[in-house]
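Novice: Input: one structure, supplied below.
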Amino acid sequence: MRRRADMPLLGGIRPPIALLCLLILALAGLTAKVLGPAGDPVVPKAVLGSQQHFAEDGAIALRASIDERVTDLDRTAAALNAGKPADPERVLSDLSNTYQKWTGTTVLDLESGKVLAARGETIPLAWLDKDVLTGENALTPRMVRLKTGDVRLMTMALLDWKDRPQQLLIASNSLSVPAINLGPFRAMAVVARGGEVLATAGFEQAEALNSDAERSELNFLQKQMSRLSDRSAKETEEDPVSAREPGSRGYPGVSGTLLGDSYNGRIATAGYASLASADPAQRGSVGAGLGLTVVAMLPVVQEHAVGQERELYGLVAAGILVLFGLVAAALLWVAVQRPLLGLFLESRRLARGDLTRPVEVPRWGETARVGAALERLRVQLSGGAAEPGSGDGVGVGRRGRLGLRVPLALTAVLLLLWCVPVGLLLNRTDASVSVPSSMVSDQRDRTDLVADRVRRALNEAQADLVSITRLIDVDDPDATTGVLDDALRKHTRYGSLYVVDKGGDVVARAGEEPSAEWAEDEGAKDASLIRVAGEGGKKPVIQAAAAVPDEKGLTLVGEIRVEFLNSLLARPGLGEVRVVDAKTRTIAASDGFLAFEDLPRQSLTDLVRAGGVKVGAGPVENGLLIREGRSVTVAAAAPFSGGGVAADVGWTVVSWQNAKHFEIAPYEREDRSVLAGMLGLALIVVCLGWIHLVVVRPLRALASGAEKLADGDLKTVLYPRYHDEVGAVVRSLELVRQQLQARRQNQARRSAEPRLGAGGR
């Protein structure tokens, strides 16, 4: 029982050494697995992730487009209902002049069902029934298939004037993805709940190819789009919350990636995203409730597996680590564990009273100091002539000043010889890294998509102002202010709304104080309806304007918040995105920026001025890859193009990101090497730090206490700090101290007894 009580139960020197061996073996296995895989994926993760982001961008744009069209039609109907009754032809004329977004519009009489006016594409009316007009979901947008096979989204609004029969305003528009340049063989599709493809974009450009091989590949891709669309529709039926890992953020809807079949060394990759509201808690999004999915597909060249030398690199690195680990463990066993266990046995023997054999003193370090002190205590317990302070304890203490810190330092240096080269030298990349061409294309196309989205937002802002001007009555300032306040609450894109006269004086205002003056430009064209002011200030002032009808010289001006434009630019996987004007000065950015500051690199400025195309020789290749120093940057620029008043403002969206952010094989191997080196450093800190705190420091204190005890300090009580080998030696020394103290008291009592007897006689 006494022996069992003296044995260390937990802690000590053996657990950290055992943990060191286990962690080294685990790190070696991990190194062999991740530093030299037999082959990389046929499609890099970065390419798949880019297709997912592309589909998310398309879904955001389509959802915003649908919601804006529904909102615009409802706002137009509300403005008409608030005014005097209008002729149906006039209604459609004003609607088409304000918004150029519907393929067809119709006004019909609800009582008779007679078409009162029609513009554009003929709208079929067979889908109209009682449930559509009076049911629970009355006037909810409906998807209708035309005779041509195309699908249209029908949006409805009620025109209700006093003393007039109710009329129904119907507007149809396609469900196509944004009209952007997708490049050859890239395609996007809008898919219904059952997997039916409602609209596609991108194949039209590929159909112009002439060779039979390209035609064959086009047919293959069309079949792949149909299959992947069906799979995507099934995937998006899952709840968005359960589709993601707990606690993860990102796209509010369901999104992901799919791999299709391969053809002629190219494999079809697809990303999908369901239409979702920007705010998951928001339930008012019409587009999010239609159950649509956007699928983006791109064929990419399959990557070849890396050579066997990569696997050899990992095995060699793992083998070297195991070898260094064995040497480190042997060093700790010889220099620390074995002497400490010997001290434990020797101290327990002395505490039991076995004083026949001399103490085996280790050669150096704190254990040598403790061993020498134990030998001196053994001589004192046996009644020898050794005096306190004599012996070799002092000499050992001087020789062992560094003590067990030396083997710990040697072990750390040995392991650092593996960690530093692996973390800092192995698999390092430079500017020669090959970036997949699909990543470059995705950067360009996604930038084009963002530019289209910003342009549409500016067009919508100006069109909203045109709609608001119909409600302005300059003869009633209070009513005008009320209209502006109501519009400002409904449109978060504006910071302020105000009406100015021909001289620039503010007649009515809602929101913040105007940040810049609006001067009427005689003979101004549509491009002048979107302006930028505020040079020298903290923020650019973006102004949109619309003339107040029937009021010559009055203009409604809205200042668009820069934060609104910034929110349109922030997209994952696209890097830093900025909107610059014709002078390449920053107007908005996805990250922080200074008003009207220049782009951070001259190469980006050259790219913008060249319109996002090849700029000739120099650091920019094909206008998209920038190689500077050891880094590679993928950049793209997309000038505004298309219709609307914002088309000719001369703005450009430019984006760039370091290729190190891509999940491609060279950068992944570099990251894995750095991770292996950092794990090795963590292993050194944890295990050797454990040994230093739990063993070395208490052992140094023990050595000092043992030497003081051997020098005759019998008053200081020795308390063990841990229940381990060092603690067991401390407990044995405490027993020895008690024995020496009792021995000294007995000697003093025996020496006093003769003197007492002589005094009595």
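Chain labels follow the order of the structure tokens: the first chain is A, the next B, and so on; residue numbering restarts at 1 in every chain, and ligands are counted from 1 in their shown order.
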Residues at most 9 Å from A:Ala199, counting only C-alpha atoms, excluding those fewer than 3 positions away in the same chain, as a PyMOL selection string?

Specialist: chain A and resi 150-151+174-177+188-191

Novice: Those selected residues, please, written with N, CA, C and O atoms and delivered as a compact mmCIF listing (two decimals), in the first residue's frame.

Specialist:
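That gives us again-v4.txt:
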```txt
# COMPACT_ATOMS: atom_id res chain seq x y z
N ASP A 150 -42.04 30.18 -75.59
CA ASP A 150 -41.37 31.00 -74.59
C ASP A 150 -42.27 31.20 -73.38
O ASP A 150 -43.50 31.15 -73.47
N VAL A 151 -41.65 31.45 -72.23
CA VAL A 151 -42.36 31.66 -70.98
C VAL A 151 -42.26 33.13 -70.61
O VAL A 151 -41.19 33.74 -70.71
N SER A 174 -39.91 38.68 -70.02
CA SER A 174 -39.27 37.37 -70.09
C SER A 174 -38.54 37.06 -68.79
O SER A 174 -38.26 37.94 -67.98
N LEU A 175 -38.22 35.78 -68.62
CA LEU A 175 -37.49 35.32 -67.44
C LEU A 175 -36.03 35.07 -67.79
O LEU A 175 -35.38 34.21 -67.20
N SER A 176 -35.53 35.79 -68.74
CA SER A 176 -34.15 35.57 -69.18
C SER A 176 -33.17 36.10 -68.15
O SER A 176 -33.48 36.99 -67.35
N VAL A 177 -31.99 35.54 -68.20
CA VAL A 177 -30.91 36.01 -67.34
C VAL A 177 -30.42 37.34 -67.88
O VAL A 177 -30.74 37.72 -69.01
N MET A 188 -26.20 30.02 -69.27
CA MET A 188 -26.99 30.18 -68.07
C MET A 188 -28.42 29.83 -68.41
O MET A 188 -28.87 30.00 -69.55
N ALA A 189 -29.14 29.33 -67.43
CA ALA A 189 -30.52 28.90 -67.64
C ALA A 189 -31.36 29.26 -66.43
O ALA A 189 -30.86 29.30 -65.30
N VAL A 190 -32.64 29.52 -66.69
CA VAL A 190 -33.63 29.72 -65.64
C VAL A 190 -34.50 28.48 -65.61
O VAL A 190 -35.08 28.09 -66.64
N VAL A 191 -34.58 27.84 -64.44
CA VAL A 191 -35.22 26.54 -64.31
C VAL A 191 -36.39 26.64 -63.35
O VAL A 191 -36.30 27.29 -62.30
```

Novice: Please provide the set of residues having any atom within 10 Å of stretch 737-748 of chain A, restricted to only C-alpha atoms, with same-chain residues fewer than 3 positions apart removed, written as a list in words.

Specialist: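 What passes the distance filter is Ala351, Gly353, Leu377, Gln380, Leu381, Gly383, Ala706, Leu709, Ala710, Gly712, Asp713, Leu714, Lys715, Thr716, Val717, Leu718, Arg731, Ser732, Leu733, Glu734, Ser751, Ala752 and Glu753 of chain A.
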
Novice: What separation in Å, quoted to one decimal, exists between atom CA of A:Ala703 and atom CA of A:Leu415?

Specialist: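 Between atom CA of A:Ala703 and atom CA of A:Leu415 the gap is 28.7 Å.
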
Novice: Would you please extract all alpha helix (DSSP H) residues from stretch 494-724 of chain A, as assigned by DSSP on the backbone, and give them as a VMD selection string?

Specialist: chain A and resid 562 to 569 602 to 609 665 to 691 697 to 710

Novice: Next, dump the selected residues to file, keeping only C-alpha atoms, as a PDB file, in the first residue's frame.

Specialist:
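File selection-v9.pdb, as written:
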```pdb
ATOM      1  CA  VAL A 562     -22.941  55.623 -52.021  1.00  0.00           C
ATOM      2  CA  GLU A 563     -23.574  52.808 -49.545  1.00  0.00           C
ATOM      3  CA  PHE A 564     -26.334  51.536 -51.831  1.00  0.00           C
ATOM      4  CA  LEU A 565     -23.915  51.217 -54.744  1.00  0.00           C
ATOM      5  CA  ASN A 566     -21.274  49.685 -52.477  1.00  0.00           C
ATOM      6  CA  SER A 567     -23.718  46.948 -51.487  1.00  0.00           C
ATOM      7  CA  LEU A 568     -24.210  46.038 -55.140  1.00  0.00           C
ATOM      8  CA  LEU A 569     -20.476  45.514 -55.592  1.00  0.00           C
ATOM      9  CA  GLN A 602      -1.244  51.766 -63.027  1.00  0.00           C
ATOM     10  CA  SER A 603      -1.943  48.445 -64.741  1.00  0.00           C
ATOM     11  CA  LEU A 604      -5.563  48.630 -63.545  1.00  0.00           C
ATOM     12  CA  THR A 605      -5.838  52.181 -64.845  1.00  0.00           C
ATOM     13  CA  ASP A 606      -4.529  51.041 -68.233  1.00  0.00           C
ATOM     14  CA  LEU A 607      -7.023  48.189 -68.230  1.00  0.00           C
ATOM     15  CA  VAL A 608      -9.937  50.547 -67.572  1.00  0.00           C
ATOM     16  CA  ARG A 609      -8.841  53.002 -70.239  1.00  0.00           C
ATOM     17  CA  ALA A 665      -3.393  23.014 -56.852  1.00  0.00           C
ATOM     18  CA  PRO A 666      -0.180  25.108 -56.534  1.00  0.00           C
ATOM     19  CA  TYR A 667      -1.623  27.422 -53.889  1.00  0.00           C
ATOM     20  CA  GLU A 668      -3.304  24.572 -52.049  1.00  0.00           C
ATOM     21  CA  ARG A 669       0.006  22.689 -51.834  1.00  0.00           C
ATOM     22  CA  GLU A 670       1.715  25.828 -50.548  1.00  0.00           C
ATOM     23  CA  ASP A 671      -1.009  26.345 -47.945  1.00  0.00           C
ATOM     24  CA  ARG A 672      -0.726  22.726 -46.868  1.00  0.00           C
ATOM     25  CA  SER A 673       3.031  23.050 -46.479  1.00  0.00           C
ATOM     26  CA  VAL A 674       2.622  26.174 -44.362  1.00  0.00           C
ATOM     27  CA  LEU A 675      -0.031  24.403 -42.304  1.00  0.00           C
ATOM     28  CA  ALA A 676       2.258  21.418 -41.720  1.00  0.00           C
ATOM     29  CA  GLY A 677       5.039  23.729 -40.555  1.00  0.00           C
ATOM     30  CA  MET A 678       2.693  25.594 -38.220  1.00  0.00           C
ATOM     31  CA  LEU A 679       1.381  22.327 -36.793  1.00  0.00           C
ATOM     32  CA  GLY A 680       4.974  21.297 -36.139  1.00  0.00           C
ATOM     33  CA  LEU A 681       5.590  24.561 -34.307  1.00  0.00           C
ATOM     34  CA  ALA A 682       2.439  24.020 -32.261  1.00  0.00           C
ATOM     35  CA  LEU A 683       3.665  20.514 -31.434  1.00  0.00           C
ATOM     36  CA  ILE A 684       6.967  21.922 -30.172  1.00  0.00           C
ATOM     37  CA  VAL A 685       5.295  24.577 -28.046  1.00  0.00           C
ATOM     38  CA  VAL A 686       2.724  22.240 -26.517  1.00  0.00           C
ATOM     39  CA  CYS A 687       4.895  19.226 -25.700  1.00  0.00           C
ATOM     40  CA  LEU A 688       8.171  20.916 -24.783  1.00  0.00           C
ATOM     41  CA  GLY A 689       6.332  23.689 -22.977  1.00  0.00           C
ATOM     42  CA  TRP A 690       4.494  21.037 -21.004  1.00  0.00           C
ATOM     43  CA  ILE A 691       7.776  19.373 -20.038  1.00  0.00           C
ATOM     44  CA  ARG A 697      10.798  24.148 -13.345  1.00  0.00           C
ATOM     45  CA  PRO A 698       9.666  21.986 -10.378  1.00  0.00           C
ATOM     46  CA  LEU A 699      12.884  19.956 -10.720  1.00  0.00           C
ATOM     47  CA  ARG A 700      15.037  23.107 -10.500  1.00  0.00           C
ATOM     48  CA  ALA A 701      13.144  24.115  -7.370  1.00  0.00           C
ATOM     49  CA  LEU A 702      13.617  20.584  -6.047  1.00  0.00           C
ATOM     50  CA  ALA A 703      17.371  20.759  -6.670  1.00  0.00           C
ATOM     51  CA  SER A 704      17.629  23.975  -4.663  1.00  0.00           C
ATOM     52  CA  GLY A 705      15.530  22.530  -1.834  1.00  0.00           C
ATOM     53  CA  ALA A 706      17.530  19.281  -1.763  1.00  0.00           C
ATOM     54  CA  GLU A 707      20.826  21.155  -1.566  1.00  0.00           C
ATOM     55  CA  LYS A 708      19.531  23.348   1.259  1.00  0.00           C
ATOM     56  CA  LEU A 709      18.355  20.257   3.103  1.00  0.00           C
ATOM     57  CA  ALA A 710      21.747  18.590   2.610  1.00  0.00           C
TER      58      ALA A 710
END
```

Novice: Within 9 Å of A:Ser232, counting only C-alpha atoms, which residues qualify if same-chain residues fewer than 2 places away don't, as a ChimeraX atom specification?

Specialist: /A:191,195,227-230,234-237,255-258,271-274,293-295

Novice: Restricting the calculation to only C-alpha atoms: of A:Gly503, A:Pro252, A:Gly194, A:Gly325, which residue gets closest to A:Ile17?

Specialist: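 Between A:Gly503, A:Pro252, A:Gly194, A:Gly325, the residue approaching A:Ile17 most closely is A:Gly325.
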
Novice: Atom CA of A:Asp598 and atom CA of A:Glu576 are how many Å apart?

Specialist: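 So the two atoms, atom CA of A:Asp598 and atom CA of A:Glu576, lie 14.1 Å apart.
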
Novice: Can you list every residue in stretch 144-191 of chain A that DSSP puts in strand (DSSP E), as a ChimeraX atom specification?

Specialist: /A:144-145,151-159,167-174,187-191

Novice: Using only C-alpha atoms, pick whichever of A:Glu111, A:Pro339, A:Leu529, A:Gly611 has the shortest atom-to-atom distance to A:Ala368.

Specialist: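 So, comparing all the options, the nearest one is A:Pro339.
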
Novice: Skip A:Asp430 itself and residues of its chain fewer than 5 positions away, then list as a PyMOL selection string all residues within 8 Å of it, counting only C-alpha atoms.

Specialist: chain A and resi 629-632

Novice: Between A:Ala546, A:Lys539, A:Gly29, A:Pro407, which has the minimum distance to A:Phe593 (counting only C-alpha atoms)?

Specialist: A:Lys539

Novice: So the first atom is atom CA of A:Tyr498 and the second is atom CA of A:Val474; what is the distance between them in Å, to one decimal place?

Specialist: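 Taking atom CA of A:Tyr498 and atom CA of A:Val474, their separation equals 11.9 Å.
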
Novice: Determine, counting only C-alpha atoms, which protein, DNA and RNA residues have an atom within 12 Å of an atom of A:Thr356; residues of the same chain fewer than 6 positions away are not included. Present the result as a tab-separated table (two decimals) with C-alpha atoms, in the first residue's frame.

Specialist:
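The file below, out-v3.tsv, is the result:
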```tsv
chain	number	residue	atom	x	y	z
A	346	GLU	CA	16.70	6.32	-5.05
A	349	ARG	CA	14.85	3.83	-1.02
A	350	LEU	CA	16.35	6.43	1.32
A	375	GLU	CA	24.03	10.95	-1.41
A	378	ARG	CA	22.29	9.16	2.92
A	379	VAL	CA	25.65	9.67	4.64
A	381	LEU	CA	21.25	9.36	7.91
A	382	SER	CA	23.79	6.55	8.28
A	383	GLY	CA	25.69	8.56	10.88
A	384	GLY	CA	28.72	9.18	8.72
```

Novice: Write out as a PyMOL selection string each polymer residue whose atoms come within 12 Å of A:Ser437, counting only C-alpha atoms; drop sequence neighbours fewer than 2 positions from it.

Specialist: chain A and resi 44+46-47+298-302+434-435+439-444+621-622+624-625+634+664

Novice: Which is closest to A:Ile13 among A:Ile267, A:Ile472, A:Val736, A:Val696, if we use only C-alpha atoms?

Specialist: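 Going through A:Ile267, A:Ile472, A:Val736, A:Val696 one by one, the smallest distance to A:Ile13 is for A:Val696.
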
Novice: Using only C-alpha atoms, which protein or nucleic acid residues come within 9 Å of A:Gly573? Drop anything in the same chain fewer than 4 positions from it, and give the result as a PyMOL selection string.

Specialist: chain A and resi 49-50+53+443+657+661-662
